[in-house]
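Report on one structure; see the data block that follows.
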Amino acid sequence: MDQPKVERLLLLMKLMTGNVNYTVNDLAERLGTTYRSIYRYIETFKDAGFVVHKLDGGVYKLGKESPYFKDISQLVHFTDEEAHIVNRLIDGLDDTNMLKHNLRKKLTTVYDCTAVANCIVRGSNAQNVNRLVEAITDRRQVVLKGYASSHTGVVRDRRVEPFAFTTNYVQVWCYEPESGMTKLFKTARIGSVELMDDAWEYAEKHNSGYVDIFRMTGFEQHRVRLELGMLARNLLVEEYPLSERDITPLGDGRWLLDTEVCNYVGIGRFVVGLMDDIRIVDSPAFESYIADNVRNILHRLNVQ
């Protein structure tokens, strides 16, 4: 099979599994081909074992009960952090290299997502994450079966509307109608995920808060500015790749980190570990936080 045809099939698969319903003529127009070719592609899907549904109005959809459908969707998920790394790698290719253009084209053609990179979800979490991805895509409610809350120590079912993930799918943002609040649920604490037929009812209340470069989450943002030496700068970028977006060179082996954090926990741990190579700049609240933190450490060590 030639490469253009493969790309058209992948794009057709995306269109036929999305939230928008397309007729055969719509699909042909979007793919720049004929309606006869669309019918041939649909037959190709059927021959490969996929279930194809014909809806009212001449709309065709790929059934999510199709064999391999969930297996494929489980393999690839996306986060902004991994996208940043992949895009940096692609940017490193010479502009005259056709691979660079082909990679950009394939990634943006196949994936309708702001983050373009691989995140392989392994282990018992894979099925739960996959079902949450499906629920978010289809804007459906779910029941988090047997969710173990660290705050209450209670294991119980939670009916929620999932709408966004944190980095690496460690947590999922959900609106919980029972409490009337937006909450973060750790995917590792979910027993199983039951997809409901009910659509979202509270989309206007879906607020995913803020995820800072240190992967901390919350609804507040606090500006922090740090002057970094080479060691601190290199370790920061290696451990937290998204920080590169907020770093500017000052010259003479120094860099300025100017970023927003949701709390001081993540950035505080980093600074305390590298205090000899970091200077806090114009951030009095954070400076007070570090001073209190250091005093507590000295007290626990019985150092006067």
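Identifiers in the structure tokens: chain A, B, ... in order shown; residue index from 1 per chain; ligand index from 1 in order shown.
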
Practice item. Within 7 Å of Met16 of chain A, counting only C-alpha atoms, which residues show up once you throw out same-chain ones fewer than 2 positions away? Write them as a ChimeraX atom specification, please. Key: /A:12-14,18,60-62

What would the file look like if the residues just selected were written as a PDB file, in the first residue's frame with C-alpha atoms?
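File written: selection_10.pdb
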```pdb
ATOM      1  CA  LEU A  12     -10.438   8.568   7.588  1.00  0.00           C
ATOM      2  CA  MET A  13     -10.231   6.393  10.699  1.00  0.00           C
ATOM      3  CA  LYS A  14      -9.903   9.516  12.846  1.00  0.00           C
ATOM      4  CA  GLY A  18     -14.720  11.432  16.198  1.00  0.00           C
ATOM      5  CA  TYR A  60     -20.746   6.087   8.475  1.00  0.00           C
ATOM      6  CA  LYS A  61     -18.962   5.498  11.802  1.00  0.00           C
ATOM      7  CA  LEU A  62     -16.338   3.029  12.957  1.00  0.00           C
TER       8      LEU A  62
END
```

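One distance worth recording is that between atom CA of Val86 of chain A and atom CA of Trp173 of chain A, which is 24.8 Å.
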
What lies within 8 Å of segment 257-272 of chain A using only C-alpha atoms, ignoring chain neighbours under 4 positions off, as a PDB file with N, CA and C atoms, in the first residue's frame?
```pdb
ATOM      1  N   TYR A 210      -4.478  24.456  37.128  1.00  0.00           N
ATOM      2  CA  TYR A 210      -3.185  24.787  36.527  1.00  0.00           C
ATOM      3  C   TYR A 210      -2.173  23.701  36.869  1.00  0.00           C
ATOM      4  N   VAL A 211      -1.385  23.296  35.893  1.00  0.00           N
ATOM      5  CA  VAL A 211      -0.291  22.346  36.111  1.00  0.00           C
ATOM      6  C   VAL A 211       1.000  23.083  35.814  1.00  0.00           C
ATOM      7  N   ASP A 212       1.862  23.222  36.823  1.00  0.00           N
ATOM      8  CA  ASP A 212       3.092  23.988  36.591  1.00  0.00           C
ATOM      9  C   ASP A 212       4.201  23.098  36.045  1.00  0.00           C
ATOM     10  N   ILE A 213       5.361  23.696  35.780  1.00  0.00           N
ATOM     11  CA  ILE A 213       6.454  22.947  35.149  1.00  0.00           C
ATOM     12  C   ILE A 213       7.012  21.874  36.064  1.00  0.00           C
ATOM     13  N   PHE A 214       6.709  21.955  37.365  1.00  0.00           N
ATOM     14  CA  PHE A 214       7.171  20.950  38.321  1.00  0.00           C
ATOM     15  C   PHE A 214       6.117  19.868  38.530  1.00  0.00           C
ATOM     16  N   ARG A 215       5.080  19.871  37.667  1.00  0.00           N
ATOM     17  CA  ARG A 215       4.009  18.877  37.655  1.00  0.00           C
ATOM     18  C   ARG A 215       3.115  18.954  38.888  1.00  0.00           C
ATOM     19  N   MET A 216       3.101  20.100  39.537  1.00  0.00           N
ATOM     20  CA  MET A 216       2.193  20.318  40.653  1.00  0.00           C
ATOM     21  C   MET A 216       0.895  20.915  40.105  1.00  0.00           C
ATOM     22  N   THR A 217      -0.223  20.603  40.748  1.00  0.00           N
ATOM     23  CA  THR A 217      -1.513  21.051  40.246  1.00  0.00           C
ATOM     24  C   THR A 217      -2.259  21.870  41.296  1.00  0.00           C
ATOM     25  N   GLY A 218      -3.100  22.781  40.813  1.00  0.00           N
ATOM     26  CA  GLY A 218      -3.880  23.613  41.716  1.00  0.00           C
ATOM     27  C   GLY A 218      -4.627  24.683  40.955  1.00  0.00           C
ATOM     28  N   PHE A 219      -5.323  25.548  41.687  1.00  0.00           N
ATOM     29  CA  PHE A 219      -6.124  26.601  41.066  1.00  0.00           C
ATOM     30  C   PHE A 219      -5.510  27.984  41.258  1.00  0.00           C
ATOM     31  N   GLU A 220      -4.362  28.046  41.937  1.00  0.00           N
ATOM     32  CA  GLU A 220      -3.684  29.322  42.134  1.00  0.00           C
ATOM     33  C   GLU A 220      -2.394  29.359  41.327  1.00  0.00           C
ATOM     34  N   GLN A 221      -1.930  30.571  41.032  1.00  0.00           N
ATOM     35  CA  GLN A 221      -0.660  30.738  40.326  1.00  0.00           C
ATOM     36  C   GLN A 221       0.167  31.801  41.042  1.00  0.00           C
ATOM     37  N   HIS A 222       1.424  31.474  41.276  1.00  0.00           N
ATOM     38  CA  HIS A 222       2.342  32.382  41.950  1.00  0.00           C
ATOM     39  C   HIS A 222       3.599  32.526  41.087  1.00  0.00           C
ATOM     40  N   ARG A 223       3.965  33.753  40.808  1.00  0.00           N
ATOM     41  CA  ARG A 223       5.144  33.988  39.974  1.00  0.00           C
ATOM     42  C   ARG A 223       6.419  33.835  40.808  1.00  0.00           C
ATOM     43  N   VAL A 224       7.382  33.109  40.252  1.00  0.00           N
ATOM     44  CA  VAL A 224       8.675  32.920  40.895  1.00  0.00           C
ATOM     45  C   VAL A 224       9.769  33.146  39.860  1.00  0.00           C
ATOM     46  N   ARG A 225      10.819  33.882  40.266  1.00  0.00           N
ATOM     47  CA  ARG A 225      11.953  34.138  39.382  1.00  0.00           C
ATOM     48  C   ARG A 225      13.229  33.667  40.081  1.00  0.00           C
ATOM     49  N   LEU A 226      14.000  32.855  39.370  1.00  0.00           N
ATOM     50  CA  LEU A 226      15.243  32.314  39.916  1.00  0.00           C
ATOM     51  C   LEU A 226      16.392  32.564  38.945  1.00  0.00           C
ATOM     52  N   GLU A 227      17.549  32.919  39.493  1.00  0.00           N
ATOM     53  CA  GLU A 227      18.762  32.980  38.683  1.00  0.00           C
ATOM     54  C   GLU A 227      19.492  31.657  38.876  1.00  0.00           C
ATOM     55  N   LEU A 228      19.747  30.960  37.782  1.00  0.00           N
ATOM     56  CA  LEU A 228      20.305  29.612  37.824  1.00  0.00           C
ATOM     57  C   LEU A 228      21.729  29.569  37.300  1.00  0.00           C
ATOM     58  N   SER A 243      10.228  23.297  31.569  1.00  0.00           N
ATOM     59  CA  SER A 243      10.846  24.496  32.139  1.00  0.00           C
ATOM     60  C   SER A 243      11.644  25.269  31.096  1.00  0.00           C
ATOM     61  N   ASP A 246      10.438  28.578  29.916  1.00  0.00           N
ATOM     62  CA  ASP A 246      10.450  29.742  30.811  1.00  0.00           C
ATOM     63  C   ASP A 246      11.860  30.193  31.186  1.00  0.00           C
ATOM     64  N   ILE A 247      12.864  29.684  30.488  1.00  0.00           N
ATOM     65  CA  ILE A 247      14.256  30.015  30.807  1.00  0.00           C
ATOM     66  C   ILE A 247      14.853  30.904  29.721  1.00  0.00           C
ATOM     67  N   THR A 248      15.537  31.973  30.140  1.00  0.00           N
ATOM     68  CA  THR A 248      16.244  32.844  29.195  1.00  0.00           C
ATOM     69  C   THR A 248      17.691  33.005  29.673  1.00  0.00           C
ATOM     70  N   ILE A 278      21.660  28.580  42.980  1.00  0.00           N
ATOM     71  CA  ILE A 278      20.404  29.279  42.666  1.00  0.00           C
ATOM     72  C   ILE A 278      20.275  30.530  43.527  1.00  0.00           C
ATOM     73  N   PHE A 286       8.143  33.554  48.038  1.00  0.00           N
ATOM     74  CA  PHE A 286       8.850  32.295  47.887  1.00  0.00           C
ATOM     75  C   PHE A 286      10.122  32.283  48.738  1.00  0.00           C
ATOM     76  N   TYR A 289       9.169  31.367  52.132  1.00  0.00           N
ATOM     77  CA  TYR A 289       8.849  29.935  52.180  1.00  0.00           C
ATOM     78  C   TYR A 289      10.127  29.116  52.332  1.00  0.00           C
ATOM     79  N   ILE A 290      11.154  29.444  51.543  1.00  0.00           N
ATOM     80  CA  ILE A 290      12.418  28.709  51.605  1.00  0.00           C
ATOM     81  C   ILE A 290      13.093  28.915  52.965  1.00  0.00           C
ATOM     82  N   VAL A 294      14.055  25.936  55.467  1.00  0.00           N
ATOM     83  CA  VAL A 294      15.421  25.671  55.929  1.00  0.00           C
ATOM     84  C   VAL A 294      15.473  25.671  57.455  1.00  0.00           C
TER      85      VAL A 294
END
```

Exercise for review: Identify, on the basis of only C-alpha atoms, every residue whose closest approach to Ile190 of chain A does not exceed 8 Å; exclude the query and any residue fewer than 6 positions from it along the same chain; express the result as a ChimeraX atom specification.
Suggested key: /A:128,144-148

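For Asp26 of chain A, the list of residues within 12 Å, based on only C-alpha atoms and with local chain neighbours fewer than 2 positions off taken out, reads Leu12, Leu15, Met16, Val20, Asn21, Tyr22, Thr23, Val24, Ala28, Glu29, Arg30, Leu31, Gly32, Thr33, Thr34, Tyr35, Ile38, Gly57, Gly58, Val59 and Tyr60 of chain A.
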
**Study point:** segment 139-141 of chain A surroundings by only C-alpha atoms, 12 Å radius, close-in-sequence under 3 positions cut, as a PyMOL selection string
**Key:** chain A and resi 18-19+131-136+144+158-164+174-177+193-203+206

Practice item. Compare A:Ser283, A:Asp252, A:Thr137, A:Ile85 by their minimum atom-to-atom distance to Val237 of chain A, counting only C-alpha atoms, and give me the closest one. Key: A:Ile85

Review point. With distances taken over only C-alpha atoms, which of A:Ile297, A:Arg8, A:Trp255, A:Glu244 is nearest to Val281 of chain A?
Key: A:Trp255

Residue set, segment 180-270 of chain A restricted to strand (DSSP E), as a PDB file with N, CA and C atoms, in the first residue's frame:
```pdb
ATOM      1  N   MET A 181     -18.143  19.865  43.001  1.00  0.00           N
ATOM      2  CA  MET A 181     -16.776  20.374  42.957  1.00  0.00           C
ATOM      3  C   MET A 181     -15.959  19.701  41.860  1.00  0.00           C
ATOM      4  N   THR A 182     -14.965  20.445  41.357  1.00  0.00           N
ATOM      5  CA  THR A 182     -13.963  19.872  40.467  1.00  0.00           C
ATOM      6  C   THR A 182     -12.856  19.280  41.326  1.00  0.00           C
ATOM      7  N   LYS A 183     -12.489  18.030  41.032  1.00  0.00           N
ATOM      8  CA  LYS A 183     -11.496  17.336  41.850  1.00  0.00           C
ATOM      9  C   LYS A 183     -10.492  16.595  40.973  1.00  0.00           C
ATOM     10  N   LEU A 184      -9.338  16.300  41.585  1.00  0.00           N
ATOM     11  CA  LEU A 184      -8.333  15.454  40.945  1.00  0.00           C
ATOM     12  C   LEU A 184      -8.422  14.055  41.524  1.00  0.00           C
ATOM     13  N   PHE A 185      -8.479  13.054  40.652  1.00  0.00           N
ATOM     14  CA  PHE A 185      -8.494  11.664  41.079  1.00  0.00           C
ATOM     15  C   PHE A 185      -7.259  10.967  40.532  1.00  0.00           C
ATOM     16  N   LYS A 186      -6.522  10.280  41.389  1.00  0.00           N
ATOM     17  CA  LYS A 186      -5.342   9.538  40.954  1.00  0.00           C
ATOM     18  C   LYS A 186      -5.793   8.277  40.218  1.00  0.00           C
ATOM     19  N   SER A 192     -11.817   0.307  38.812  1.00  0.00           N
ATOM     20  CA  SER A 192     -12.181   0.145  37.408  1.00  0.00           C
ATOM     21  C   SER A 192     -13.025   1.344  36.997  1.00  0.00           C
ATOM     22  N   VAL A 193     -13.205   1.511  35.692  1.00  0.00           N
ATOM     23  CA  VAL A 193     -13.979   2.630  35.166  1.00  0.00           C
ATOM     24  C   VAL A 193     -15.177   2.086  34.401  1.00  0.00           C
ATOM     25  N   GLU A 194     -16.366   2.521  34.797  1.00  0.00           N
ATOM     26  CA  GLU A 194     -17.591   2.123  34.105  1.00  0.00           C
ATOM     27  C   GLU A 194     -18.099   3.293  33.273  1.00  0.00           C
ATOM     28  N   LEU A 195     -18.138   3.105  31.965  1.00  0.00           N
ATOM     29  CA  LEU A 195     -18.644   4.140  31.060  1.00  0.00           C
ATOM     30  C   LEU A 195     -20.162   4.197  31.139  1.00  0.00           C
ATOM     31  N   MET A 196     -20.699   5.388  31.293  1.00  0.00           N
ATOM     32  CA  MET A 196     -22.134   5.567  31.365  1.00  0.00           C
ATOM     33  C   MET A 196     -22.680   6.078  30.029  1.00  0.00           C
ATOM     34  N   ASP A 197     -23.971   5.878  29.823  1.00  0.00           N
ATOM     35  CA  ASP A 197     -24.606   6.408  28.607  1.00  0.00           C
ATOM     36  C   ASP A 197     -24.903   7.896  28.730  1.00  0.00           C
ATOM     37  N   ASP A 198     -24.906   8.409  29.965  1.00  0.00           N
ATOM     38  CA  ASP A 198     -25.259   9.805  30.199  1.00  0.00           C
ATOM     39  C   ASP A 198     -24.162  10.746  29.718  1.00  0.00           C
ATOM     40  N   ALA A 199     -24.559  11.779  29.015  1.00  0.00           N
ATOM     41  CA  ALA A 199     -23.605  12.792  28.539  1.00  0.00           C
ATOM     42  C   ALA A 199     -23.286  13.763  29.672  1.00  0.00           C
ATOM     43  N   TYR A 210      -4.478  24.456  37.128  1.00  0.00           N
ATOM     44  CA  TYR A 210      -3.185  24.787  36.527  1.00  0.00           C
ATOM     45  C   TYR A 210      -2.173  23.701  36.869  1.00  0.00           C
ATOM     46  N   VAL A 211      -1.385  23.296  35.893  1.00  0.00           N
ATOM     47  CA  VAL A 211      -0.291  22.346  36.111  1.00  0.00           C
ATOM     48  C   VAL A 211       1.000  23.083  35.814  1.00  0.00           C
ATOM     49  N   THR A 217      -0.223  20.603  40.748  1.00  0.00           N
ATOM     50  CA  THR A 217      -1.513  21.051  40.246  1.00  0.00           C
ATOM     51  C   THR A 217      -2.259  21.870  41.296  1.00  0.00           C
ATOM     52  N   GLY A 218      -3.100  22.781  40.813  1.00  0.00           N
ATOM     53  CA  GLY A 218      -3.880  23.613  41.716  1.00  0.00           C
ATOM     54  C   GLY A 218      -4.627  24.683  40.955  1.00  0.00           C
ATOM     55  N   HIS A 222       1.424  31.474  41.276  1.00  0.00           N
ATOM     56  CA  HIS A 222       2.342  32.382  41.950  1.00  0.00           C
ATOM     57  C   HIS A 222       3.599  32.526  41.087  1.00  0.00           C
ATOM     58  N   ARG A 223       3.965  33.753  40.808  1.00  0.00           N
ATOM     59  CA  ARG A 223       5.144  33.988  39.974  1.00  0.00           C
ATOM     60  C   ARG A 223       6.419  33.835  40.808  1.00  0.00           C
ATOM     61  N   VAL A 224       7.382  33.109  40.252  1.00  0.00           N
ATOM     62  CA  VAL A 224       8.675  32.920  40.895  1.00  0.00           C
ATOM     63  C   VAL A 224       9.769  33.146  39.860  1.00  0.00           C
ATOM     64  N   ARG A 225      10.819  33.882  40.266  1.00  0.00           N
ATOM     65  CA  ARG A 225      11.953  34.138  39.382  1.00  0.00           C
ATOM     66  C   ARG A 225      13.229  33.667  40.081  1.00  0.00           C
ATOM     67  N   LEU A 226      14.000  32.855  39.370  1.00  0.00           N
ATOM     68  CA  LEU A 226      15.243  32.314  39.916  1.00  0.00           C
ATOM     69  C   LEU A 226      16.392  32.564  38.945  1.00  0.00           C
ATOM     70  N   GLU A 227      17.549  32.919  39.493  1.00  0.00           N
ATOM     71  CA  GLU A 227      18.762  32.980  38.683  1.00  0.00           C
ATOM     72  C   GLU A 227      19.492  31.657  38.876  1.00  0.00           C
ATOM     73  N   LEU A 228      19.747  30.960  37.782  1.00  0.00           N
ATOM     74  CA  LEU A 228      20.305  29.612  37.824  1.00  0.00           C
ATOM     75  C   LEU A 228      21.729  29.569  37.300  1.00  0.00           C
ATOM     76  N   ILE A 247      12.864  29.684  30.488  1.00  0.00           N
ATOM     77  CA  ILE A 247      14.256  30.015  30.807  1.00  0.00           C
ATOM     78  C   ILE A 247      14.853  30.904  29.721  1.00  0.00           C
ATOM     79  N   THR A 248      15.537  31.973  30.140  1.00  0.00           N
ATOM     80  CA  THR A 248      16.244  32.844  29.195  1.00  0.00           C
ATOM     81  C   THR A 248      17.691  33.005  29.673  1.00  0.00           C
ATOM     82  N   PRO A 249      18.642  33.052  28.748  1.00  0.00           N
ATOM     83  CA  PRO A 249      20.053  33.193  29.136  1.00  0.00           C
ATOM     84  C   PRO A 249      20.375  34.612  29.602  1.00  0.00           C
ATOM     85  N   LEU A 250      21.212  34.706  30.633  1.00  0.00           N
ATOM     86  CA  LEU A 250      21.676  35.999  31.138  1.00  0.00           C
ATOM     87  C   LEU A 250      23.121  36.272  30.756  1.00  0.00           C
ATOM     88  N   GLY A 251      23.813  35.249  30.285  1.00  0.00           N
ATOM     89  CA  GLY A 251      25.230  35.380  29.970  1.00  0.00           C
ATOM     90  C   GLY A 251      26.101  34.943  31.129  1.00  0.00           C
ATOM     91  N   ARG A 254      24.908  31.967  33.353  1.00  0.00           N
ATOM     92  CA  ARG A 254      23.740  32.140  34.226  1.00  0.00           C
ATOM     93  C   ARG A 254      22.471  32.207  33.380  1.00  0.00           C
ATOM     94  N   TRP A 255      21.354  31.742  33.960  1.00  0.00           N
ATOM     95  CA  TRP A 255      20.066  31.745  33.277  1.00  0.00           C
ATOM     96  C   TRP A 255      18.988  32.247  34.231  1.00  0.00           C
ATOM     97  N   LEU A 256      17.916  32.802  33.662  1.00  0.00           N
ATOM     98  CA  LEU A 256      16.791  33.277  34.471  1.00  0.00           C
ATOM     99  C   LEU A 256      15.584  32.385  34.220  1.00  0.00           C
ATOM    100  N   LEU A 257      15.042  31.823  35.299  1.00  0.00           N
ATOM    101  CA  LEU A 257      13.778  31.100  35.233  1.00  0.00           C
ATOM    102  C   LEU A 257      12.683  32.042  35.719  1.00  0.00           C
ATOM    103  N   ASP A 258      11.727  32.325  34.867  1.00  0.00           N
ATOM    104  CA  ASP A 258      10.595  33.185  35.210  1.00  0.00           C
ATOM    105  C   ASP A 258       9.331  32.388  34.917  1.00  0.00           C
ATOM    106  N   THR A 259       8.684  31.874  35.970  1.00  0.00           N
ATOM    107  CA  THR A 259       7.588  30.942  35.749  1.00  0.00           C
ATOM    108  C   THR A 259       6.465  31.154  36.752  1.00  0.00           C
ATOM    109  N   GLU A 260       5.331  30.516  36.488  1.00  0.00           N
ATOM    110  CA  GLU A 260       4.190  30.524  37.402  1.00  0.00           C
ATOM    111  C   GLU A 260       4.045  29.132  38.001  1.00  0.00           C
ATOM    112  N   VAL A 261       3.897  29.063  39.332  1.00  0.00           N
ATOM    113  CA  VAL A 261       3.700  27.781  39.995  1.00  0.00           C
ATOM    114  C   VAL A 261       2.390  27.804  40.760  1.00  0.00           C
TER     115      VAL A 261
END
```

Pick out the residues sitting within 8 Å of Thr187 of chain A, and hand them over as a PDB file with C-alpha atoms, in the first residue's frame; count only C-alpha atoms, and ignore anything fewer than 5 positions along from it in its own chain.
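What follows is the written file result-v6.pdb:
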```
ATOM      1  CA  ASN A 125      -3.889   1.260  34.679  1.00  0.00           C
ATOM      2  CA  ASN A 128      -8.840   2.498  33.083  1.00  0.00           C
ATOM      3  CA  VAL A 129      -6.903   5.272  31.324  1.00  0.00           C
ATOM      4  CA  TYR A 169      -1.970  10.441  33.131  1.00  0.00           C
ATOM      5  CA  VAL A 170      -1.146  10.213  36.824  1.00  0.00           C
ATOM      6  CA  GLN A 171      -4.350  12.083  37.729  1.00  0.00           C
ATOM      7  CA  VAL A 172      -7.592  12.958  35.973  1.00  0.00           C
TER       8      VAL A 172
END
```

Check your understanding: So what do you get for atom CA of Leu27 of chain A versus atom CA of Glu65 of chain A, distance-wise?
Key ->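 Here the two named atoms are 21.7 Å from each other.
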